[in-house]
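Visitor: File input.txt below, compact mmCIF, C-alpha atoms:
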```
# COMPACT_ATOMS: atom_id res chain seq x y z
CA MET L 32 0.00 0.00 0.00
CA GLY L 33 1.47 3.36 -1.00
CA ARG L 34 2.18 6.25 1.34
CA LEU L 35 -0.56 8.35 -0.28
CA ASN L 36 -3.10 5.60 0.26
CA ASP L 37 -1.90 5.26 3.89
CA ILE L 38 -2.48 8.97 4.47
CA THR L 39 -5.88 8.90 2.74
CA LEU L 40 -7.09 5.98 4.86
CA ALA L 41 -5.70 7.46 8.11
CA THR L 42 -7.38 10.80 7.32
CA GLN L 43 -10.68 9.06 6.63
CA VAL L 44 -10.50 7.40 10.05
CA ALA L 45 -9.34 10.50 11.93
CA MET L 46 -11.67 13.02 10.31
CA PHE L 47 -14.80 11.04 9.62
CA GLY L 48 -14.45 8.02 11.93
CA ASN L 49 -14.68 5.87 8.79
CA LYS L 50 -14.60 2.30 10.11
CA ARG L 51 -14.50 0.82 6.63
CA ALA L 52 -11.18 2.61 6.05
CA PHE L 53 -9.85 1.23 9.34
CA ASP L 54 -11.04 -2.26 8.37
CA GLN L 55 -8.94 -1.89 5.22
CA ILE L 56 -5.91 -0.86 7.30
CA VAL L 57 -6.25 -3.85 9.65
CA ARG L 58 -6.76 -6.28 6.77
CA GLU L 59 -3.69 -4.92 4.97
CA TYR L 60 -1.32 -4.84 7.93
CA GLN L 61 -2.50 -7.62 10.26
CA SER L 62 0.00 -10.07 8.79
CA PRO L 63 3.25 -8.13 9.43
CA VAL L 64 2.04 -6.94 12.85
CA ARG L 65 1.05 -10.44 14.00
CA ARG L 66 4.25 -11.88 12.51
CA PHE L 67 6.22 -9.35 14.57
CA PHE L 68 4.52 -10.54 17.76
CA LEU L 69 4.83 -14.22 16.82
CA THR L 70 8.59 -13.87 16.44
CA GLN L 71 8.88 -11.88 19.69
CA THR L 72 6.80 -14.42 21.66
CA LEU L 73 8.42 -17.39 19.89
CA GLY L 74 5.17 -18.56 18.35
CA ASP L 75 2.65 -17.97 21.14
CA GLU L 76 -0.43 -17.46 18.96
CA MET L 77 -2.90 -16.41 21.63
CA LEU L 78 -0.57 -13.89 23.22
CA SER L 79 0.44 -12.56 19.79
CA ASP L 80 -3.18 -12.04 18.75
CA ASP L 81 -4.00 -10.29 22.05
CA LEU L 82 -1.04 -7.94 21.65
CA ALA L 83 -1.78 -7.34 17.96
CA GLN L 84 -5.38 -6.53 18.82
CA GLU L 85 -4.22 -4.06 21.46
CA THR L 86 -1.88 -2.52 18.87
CA PHE L 87 -4.70 -1.88 16.40
CA LEU L 88 -7.02 -0.51 19.10
CA LYS L 89 -4.29 1.95 20.13
CA ALA L 90 -3.73 2.83 16.48
CA TYR L 91 -7.45 3.57 16.11
CA THR L 92 -7.67 5.84 19.13
CA HIS L 93 -4.42 7.66 18.25
CA ILE L 94 -4.77 7.74 14.45
CA GLY L 95 -4.74 11.55 14.51
CA GLN L 96 -1.09 11.40 15.60
CA TYR L 97 -0.04 9.69 12.35
CA ARG L 98 1.69 12.44 10.38
CA GLY L 99 2.50 10.51 7.22
CA THR L 100 6.27 11.08 7.54
CA SER L 101 6.80 7.31 7.67
CA SER L 102 4.73 4.48 6.23
CA LEU L 103 1.67 3.38 8.19
CA LEU L 104 3.34 -0.01 8.73
CA THR L 105 6.38 1.64 10.37
CA TRP L 106 4.03 3.67 12.58
CA LEU L 107 2.09 0.50 13.50
CA THR L 108 5.35 -1.35 14.20
CA ARG L 109 6.35 1.45 16.57
CA ILE L 110 3.06 1.02 18.45
CA ALA L 111 3.50 -2.77 18.38
CA TYR L 112 6.98 -2.46 19.85
CA ASN L 113 5.67 -0.20 22.64
CA VAL L 114 2.81 -2.60 23.36
CA PHE L 115 5.27 -5.49 23.55
CA TYR L 116 7.68 -3.46 25.67
CA ASP L 117 4.88 -2.57 28.12
CA TYR L 118 3.76 -6.20 28.24
CA HIS L 119 7.30 -7.39 28.78
CA ARG L 120 7.86 -4.84 31.56
CA SER L 121 4.66 -5.93 33.32
CA GLU L 122 5.74 -9.55 33.08
CA LYS L 123 9.28 -8.89 34.23
CA ALA L 124 8.42 -9.64 37.82
CA LYS L 125 7.39 -13.14 36.81
CA VAL L 126 10.05 -14.00 34.23
CA ASN L 127 13.75 -13.21 34.24
CA SER L 128 14.20 -11.48 30.88
CA GLU L 129 17.97 -11.99 30.79
CA ALA L 130 17.71 -15.78 30.72
CA PRO L 131 17.13 -17.42 27.37
CA VAL L 132 13.53 -18.50 26.96
CA GLU L 133 13.20 -22.12 27.97
CA GLY L 134 10.76 -23.43 25.45
CA VAL L 135 9.43 -22.55 22.08
CA ALA L 136 5.81 -21.74 22.73
CA ALA L 137 4.03 -22.93 19.66
CA ALA L 138 6.19 -24.44 17.01
CA SER L 139 3.07 -26.18 15.81
CA SER L 140 1.41 -22.81 15.24
CA SER L 141 -0.96 -23.02 12.29
CA LEU L 142 -0.87 -19.33 11.40
CA PHE L 143 2.36 -19.27 9.44
CA ALA L 144 2.18 -20.65 5.96
CA ILE L 145 5.69 -22.12 6.23
CA ASN L 146 6.86 -25.63 6.92
CA PHE L 147 7.00 -27.13 10.38
CA SER L 148 10.75 -27.68 10.50
CA LEU L 149 11.54 -24.09 9.53
CA LYS L 150 9.18 -22.78 12.22
CA THR L 151 10.81 -25.02 14.80
CA ASP L 152 14.30 -23.97 13.69
CA LEU L 153 13.39 -20.29 13.57
CA TYR L 154 11.78 -20.09 17.00
CA ALA L 155 14.41 -22.30 18.60
CA ALA L 156 17.16 -20.09 17.17
CA LEU L 157 15.41 -16.87 18.21
CA ALA L 158 14.98 -18.30 21.72
CA GLN L 159 18.77 -18.03 22.13
CA LEU L 160 18.61 -14.25 21.98
CA LYS L 161 17.79 -11.55 24.50
CA GLU L 162 14.61 -9.55 23.93
CA GLU L 163 16.39 -6.52 22.44
CA GLU L 164 18.59 -8.66 20.20
CA ARG L 165 15.58 -10.62 18.96
CA THR L 166 13.66 -7.42 18.22
CA CYS L 167 16.52 -5.88 16.24
CA ILE L 168 17.34 -9.11 14.39
CA THR L 169 13.74 -9.83 13.33
CA MET L 170 13.15 -6.20 12.33
CA GLN L 171 16.20 -6.30 10.07
CA LEU L 172 16.20 -9.85 8.73
CA ILE L 173 12.45 -10.53 8.49
CA ASP L 174 10.75 -7.14 8.23
CA GLY L 175 13.57 -5.56 6.22
CA TYR L 176 14.00 -2.35 8.21
CA SER L 177 17.26 -0.39 7.98
CA ILE L 178 19.36 0.28 11.10
CA ASP L 179 18.14 3.90 11.20
CA GLU L 180 14.51 2.80 10.98
CA ILE L 181 15.02 0.24 13.75
CA ALA L 182 16.68 2.89 15.93
CA ASP L 183 13.70 5.17 15.32
CA ILE L 184 11.15 2.47 16.15
CA VAL L 185 12.81 1.18 19.33
CA LYS L 186 14.08 4.63 20.37
CA MET L 187 17.69 3.50 20.78
CA PRO L 188 20.88 5.07 19.40
CA THR L 189 22.02 3.48 16.12
CA GLY L 190 25.24 2.33 17.83
CA THR L 191 23.22 0.32 20.36
CA VAL L 192 21.11 -1.21 17.58
CA LYS L 193 24.30 -2.20 15.72
CA SER L 194 25.66 -3.84 18.89
CA HIS L 195 22.44 -5.82 19.40
CA LEU L 196 22.51 -6.90 15.75
CA LYS L 197 26.17 -7.97 15.93
CA ARG L 198 25.77 -9.94 19.17
CA GLY L 199 22.50 -11.46 17.98
CA LYS L 200 23.94 -12.58 14.64
CA ASP L 201 27.00 -14.10 16.34
CA LYS L 202 24.81 -16.05 18.75
CA LEU L 203 22.52 -17.25 15.97
CA ALA L 204 25.41 -18.33 13.75
CA ASN L 205 27.01 -20.27 16.61
CA TYR L 206 23.72 -21.92 17.48
CA LEU L 207 23.04 -22.89 13.87
CA ARG L 208 26.56 -24.37 13.45
CA GLN L 209 26.25 -26.36 16.69
CA ASN L 210 23.02 -27.82 15.38
CA GLY L 211 24.41 -28.84 12.01
CA TYR L 212 22.55 -26.18 10.08
CA ASP L 213 25.66 -25.44 8.00
CA ARG L 214 25.64 -28.85 6.32
CA MET V 116 32.26 -25.95 1.86
CA ASP V 117 31.80 -23.96 5.07
CA MET V 118 29.01 -21.44 5.09
CA THR V 119 29.67 -17.89 6.30
CA ASP V 120 27.58 -16.39 9.10
CA ASN V 121 25.59 -14.33 6.62
CA GLU V 122 24.85 -17.37 4.45
CA LEU V 123 23.66 -19.30 7.51
CA LEU V 124 21.35 -16.47 8.57
CA GLU V 125 20.09 -15.99 5.02
CA LYS V 126 19.26 -19.71 4.87
CA LEU V 127 17.23 -19.43 8.09
CA PHE V 128 15.46 -16.14 7.41
CA SER V 129 14.90 -16.16 3.65
CA GLU V 130 11.74 -18.26 3.86
CA ALA V 131 10.60 -16.57 7.06
CA ARG V 132 10.58 -13.25 5.18
CA GLN V 133 7.97 -14.59 2.77
CA MET V 134 5.63 -15.93 5.44
CA GLU V 135 2.10 -14.54 5.55
CA VAL V 136 -0.14 -14.81 8.58
CA ALA V 137 -3.67 -15.86 7.62
CA ASP V 138 -6.38 -13.46 8.80
CA ASN V 139 -8.68 -16.18 10.21
CA GLY V 140 -11.22 -13.65 11.49
CA PHE V 141 -8.64 -11.42 13.21
CA THR V 142 -9.79 -8.26 11.40
CA GLN V 143 -13.39 -8.94 12.34
CA ARG V 144 -12.45 -9.40 16.01
CA VAL V 145 -10.55 -6.09 16.01
CA MET V 146 -13.45 -4.25 14.35
CA GLN V 147 -15.85 -5.57 16.98
CA GLN V 148 -13.62 -4.24 19.77
CA LEU V 149 -13.36 -0.69 18.40
CA PRO V 150 -14.69 2.10 20.64
CA GLN V 151 -17.64 4.14 19.35
CA GLN V 152 -15.37 6.90 18.12
CA SER V 153 -11.65 7.53 18.01
CA ALA V 154 -10.17 9.76 20.71
CA TYR V 155 -9.15 12.26 18.07
CA ARG V 156 -12.68 13.13 16.92
CA PRO V 157 -13.84 15.15 20.00
CA LEU V 158 -10.61 17.15 19.66
CA LEU V 159 -11.30 17.70 15.98
CA ARG V 160 -14.88 18.71 16.74
CA SER V 161 -13.75 21.32 19.29
CA ARG V 162 -11.25 22.69 16.74
CA LEU V 163 -14.01 22.98 14.14
CA ALA V 164 -16.22 24.78 16.67
CA LEU V 165 -13.37 27.21 17.36
CA SER V 166 -12.87 27.70 13.63
CA ARG V 167 -16.56 28.54 13.16
CA LEU V 168 -16.51 30.92 16.13
CA TRP V 169 -13.52 32.70 14.54
CA THR V 170 -15.35 32.99 11.19
CA VAL V 171 -18.48 34.46 12.83
CA SER V 172 -16.33 36.92 14.85
CA CYS V 173 -14.56 38.10 11.68
CA ILE V 174 -17.90 38.62 9.89
CA LEU V 175 -19.25 40.65 12.84
CA VAL V 176 -16.11 42.84 12.91
CA ALA V 177 -16.41 43.36 9.13
CA VAL V 178 -20.07 44.46 9.45
CA VAL V 179 -19.27 46.88 12.30
CA LEU V 180 -16.34 48.40 10.32
CA PHE V 181 -18.55 48.67 7.22
CA VAL V 182 -21.13 50.72 9.14
CA MET V 183 -18.56 52.82 11.03
CA MET V 184 -16.59 53.69 7.89
CA ARG V 185 -19.70 54.30 5.73
CA GLY V 186 -18.80 51.45 3.44
CA TRP V 187 -21.79 52.13 1.13
CA GLU V 188 -20.21 55.44 0.11
CA LEU V 189 -17.04 53.61 -0.91
CA ILE V 190 -19.07 51.10 -2.88
CA THR V 191 -21.04 53.87 -4.66
CA PHE V 192 -17.81 55.66 -5.52
CA GLY V 193 -16.30 52.42 -6.78
CA LEU V 194 -19.31 51.63 -8.95
CA LEU V 195 -19.26 55.10 -10.48
CA MET V 196 -15.55 54.72 -11.27
CA LEU V 197 -16.25 51.32 -12.76
CA ALA V 198 -19.06 52.71 -14.92
CA ASN V 199 -16.74 55.40 -16.24
CA ASN V 200 -14.03 52.85 -16.98
CA LEU V 201 -16.50 50.56 -18.67
CA GLN V 202 -17.33 53.30 -21.11
CA ALA V 203 -13.67 53.33 -22.00
CA VAL V 204 -13.39 49.57 -22.41
CA LYS V 205 -16.82 48.75 -23.81
CA ASP V 206 -15.16 46.84 -26.64
CA ASN V 207 -13.92 44.28 -24.11
CA MET V 208 -17.29 43.84 -22.41
CA ILE V 209 -17.66 40.16 -23.34
CA LEU V 210 -14.23 39.34 -21.98
CA LEU V 211 -15.04 41.10 -18.70
CA LEU V 212 -18.32 39.23 -18.42
CA VAL V 213 -16.57 35.88 -18.98
CA LEU V 214 -13.97 36.75 -16.33
CA ALA V 215 -16.73 37.70 -13.89
CA VAL V 216 -18.60 34.43 -14.47
CA VAL V 217 -15.41 32.33 -14.09
CA GLY V 218 -14.47 34.20 -10.91
CA GLY V 219 -17.95 33.62 -9.50
CA LEU V 220 -17.82 29.91 -10.29
CA VAL V 221 -14.41 29.56 -8.61
CA CYS V 222 -15.75 31.27 -5.47
CA VAL V 223 -18.84 29.03 -5.38
CA SER V 224 -16.82 25.83 -5.86
CA GLU V 225 -14.43 26.87 -3.06
CA VAL V 226 -17.35 27.47 -0.69
CA VAL V 227 -18.87 24.07 -1.60
CA ARG V 228 -15.49 22.33 -1.14
CA ARG V 229 -14.97 23.90 2.29
CA GLU V 230 -18.48 22.93 3.38
CA ARG V 231 -17.96 19.34 2.28
CA TYR V 232 -14.71 18.94 4.27
CA SER V 233 -16.03 20.66 7.38
CA VAL V 234 -18.85 18.10 7.82
CA ILE V 235 -18.08 15.43 10.40
```
Would you mind giving the structure from this file in structure tokens?
Guide:
Amino acid sequence: MGRLNDITLATQVAMFGNKRAFDQIVREYQSPVRRFFLTQTLGDEMLSDDLAQETFLKAYTHIGQYRGTSSLLTWLTRIAYNVFYDYHRSEKAKVNSEAPVEGVAAASSSLFAINFSLKTDLYAALAQLKEEERTCITMQLIDGYSIDEIADIVKMPTGTVKSHLKRGKDKLANYLRQNGYDR
Amino acid sequence: MDMTDNELLEKLFSEARQMEVADNGFTQRVMQQLPQQSAYRPLLRSRLALSRLWTVSCILVAVVLFVMMRGWELITFGLLMLANNLQAVKDNMILLLVLAVVGGLVCVSEVVRRERYSVI
């Protein structure tokens, strides 16, 4: 969807409360937003859908703040990251975020139209990373954002993003080699 | 042959980049959860009310100034001047009429456009 179309739809929602325009936005962008949460939660479908729903509700109530300087997807990803960050902070008391996640939540997830073994490999590999590393890695290698865009979304200096990317990639490469993925 | 780190990561993520998440009723669930109106609309409505108040204030000031400065005398003087000038340019009367009609149409379309976009 082009930037002009993004702005037109956002204006329709903000000015006229046009729900059909918002329906179009959700339909267009639900896949990348839910994919973002699935990779952050290592395949937990229910949690991902709850967080994605919260993201779109926040987008609806704050649509007037979208200025059209970035794409609507980048703006939604920024909200999604904040929603995930808030969720993670609220859960921090229960889970130690520094430790690698023990299990891959839903490798059998039916949402992704990719094969089972890739899903298992992907989530298992991402489970080796810290939250920030995982966020930066998936934003760059799956969603295709540049380092500057990632820094803007996660509100970190570009140097910090580069460090997370470097450490994350090293960890992933080591993990993949140890598991015979290089053969 | 050993794979480089980048090749390993590319192998893992290349297919993941293509993956699409099926809607499976997600959009419908979101639409059912939407509040009656977005938080921005009351703000917009108050801005429009302010804008209308400003317009009415300007019109009132214009009317008061018109009366105080005897605006009708200025208009009469202007019309007389125009009549004199028209005598001089009577050959171009059709052109002037066309310009007047076009100018009027532009004004009307602008008023209609503004009305359409001010409706919530």
Visitor: Quick one: pull the distance between CA of Asp174 in chain L and CA of Thr70 in chain L, Å, one decimal.
Guide: 10.8 Å
Visitor: Please list as number ranges by chain every residue within 12 Å of Ala83 in chain L, counting only C-alpha atoms and excluding residues in the same chain fewer than 3 positions away.
Guide: L: 57, 60-69, 71-72, 75-80, 86-90, 107-108, 110-115, 118; V: 138, 141-142, 144-145
Visitor: For a quick test of understanding: name the residues of chain L lying within 9 Å of chain V when counting all atoms listed in the file, and present them as a ChimeraX atom specification.
Guide: /L:44-48,50,53-55,57-58,61-63,65-66,80,84-85,87-88,91-96,141-145,149-150,152-153,169,172-175,200-201,203-205,207-208,212-214
Visitor: Write a file of the selected residues as a short mmCIF file (atom, residue, chain, number, x, y, z; two decimals), in the coordinates of the input, keeping C-alpha atoms.
Guide:
```cif
data_model
loop_
_atom_site.label_atom_id
_atom_site.label_comp_id
_atom_site.auth_asym_id
_atom_site.auth_seq_id
_atom_site.Cartn_x
_atom_site.Cartn_y
_atom_site.Cartn_z
CA VAL L 44 -10.50 7.40 10.05
CA ALA L 45 -9.34 10.50 11.93
CA MET L 46 -11.67 13.02 10.31
CA PHE L 47 -14.80 11.04 9.62
CA GLY L 48 -14.45 8.02 11.93
CA LYS L 50 -14.60 2.30 10.11
CA PHE L 53 -9.85 1.23 9.34
CA ASP L 54 -11.04 -2.26 8.37
CA GLN L 55 -8.94 -1.89 5.22
CA VAL L 57 -6.25 -3.85 9.65
CA ARG L 58 -6.76 -6.28 6.77
CA GLN L 61 -2.50 -7.62 10.26
CA SER L 62 0.00 -10.07 8.79
CA PRO L 63 3.25 -8.13 9.43
CA ARG L 65 1.05 -10.44 14.00
CA ARG L 66 4.25 -11.88 12.51
CA ASP L 80 -3.18 -12.04 18.75
CA GLN L 84 -5.38 -6.53 18.82
CA GLU L 85 -4.22 -4.06 21.46
CA PHE L 87 -4.70 -1.88 16.40
CA LEU L 88 -7.02 -0.51 19.10
CA TYR L 91 -7.45 3.57 16.11
CA THR L 92 -7.67 5.84 19.13
CA HIS L 93 -4.42 7.66 18.25
CA ILE L 94 -4.77 7.74 14.45
CA GLY L 95 -4.74 11.55 14.51
CA GLN L 96 -1.09 11.40 15.60
CA SER L 141 -0.96 -23.02 12.29
CA LEU L 142 -0.87 -19.33 11.40
CA PHE L 143 2.36 -19.27 9.44
CA ALA L 144 2.18 -20.65 5.96
CA ILE L 145 5.69 -22.12 6.23
CA LEU L 149 11.54 -24.09 9.53
CA LYS L 150 9.18 -22.78 12.22
CA ASP L 152 14.30 -23.97 13.69
CA LEU L 153 13.39 -20.29 13.57
CA THR L 169 13.74 -9.83 13.33
CA LEU L 172 16.20 -9.85 8.73
CA ILE L 173 12.45 -10.53 8.49
CA ASP L 174 10.75 -7.14 8.23
CA GLY L 175 13.57 -5.56 6.22
CA LYS L 200 23.94 -12.58 14.64
CA ASP L 201 27.00 -14.10 16.34
CA LEU L 203 22.52 -17.25 15.97
CA ALA L 204 25.41 -18.33 13.75
CA ASN L 205 27.01 -20.27 16.61
CA LEU L 207 23.04 -22.89 13.87
CA ARG L 208 26.56 -24.37 13.45
CA TYR L 212 22.55 -26.18 10.08
CA ASP L 213 25.66 -25.44 8.00
CA ARG L 214 25.64 -28.85 6.32
#
```
Visitor: Please compute the CA of Leu168 in chain V-CA of Phe181 in chain V distance, one decimal, in Å.
Guide: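 CA of Phe181 in chain V lies at a distance of 20.0 Å from CA of Leu168 in chain V.
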Visitor: Counting only C-alpha atoms, figure out which residue out of L:Asn210, L:Ala52, L:Trp106, L:Asp81 gets nearest to Val185 in chain L.
Guide: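 Answer, going by the shortest atom-to-atom distance: L:Trp106.
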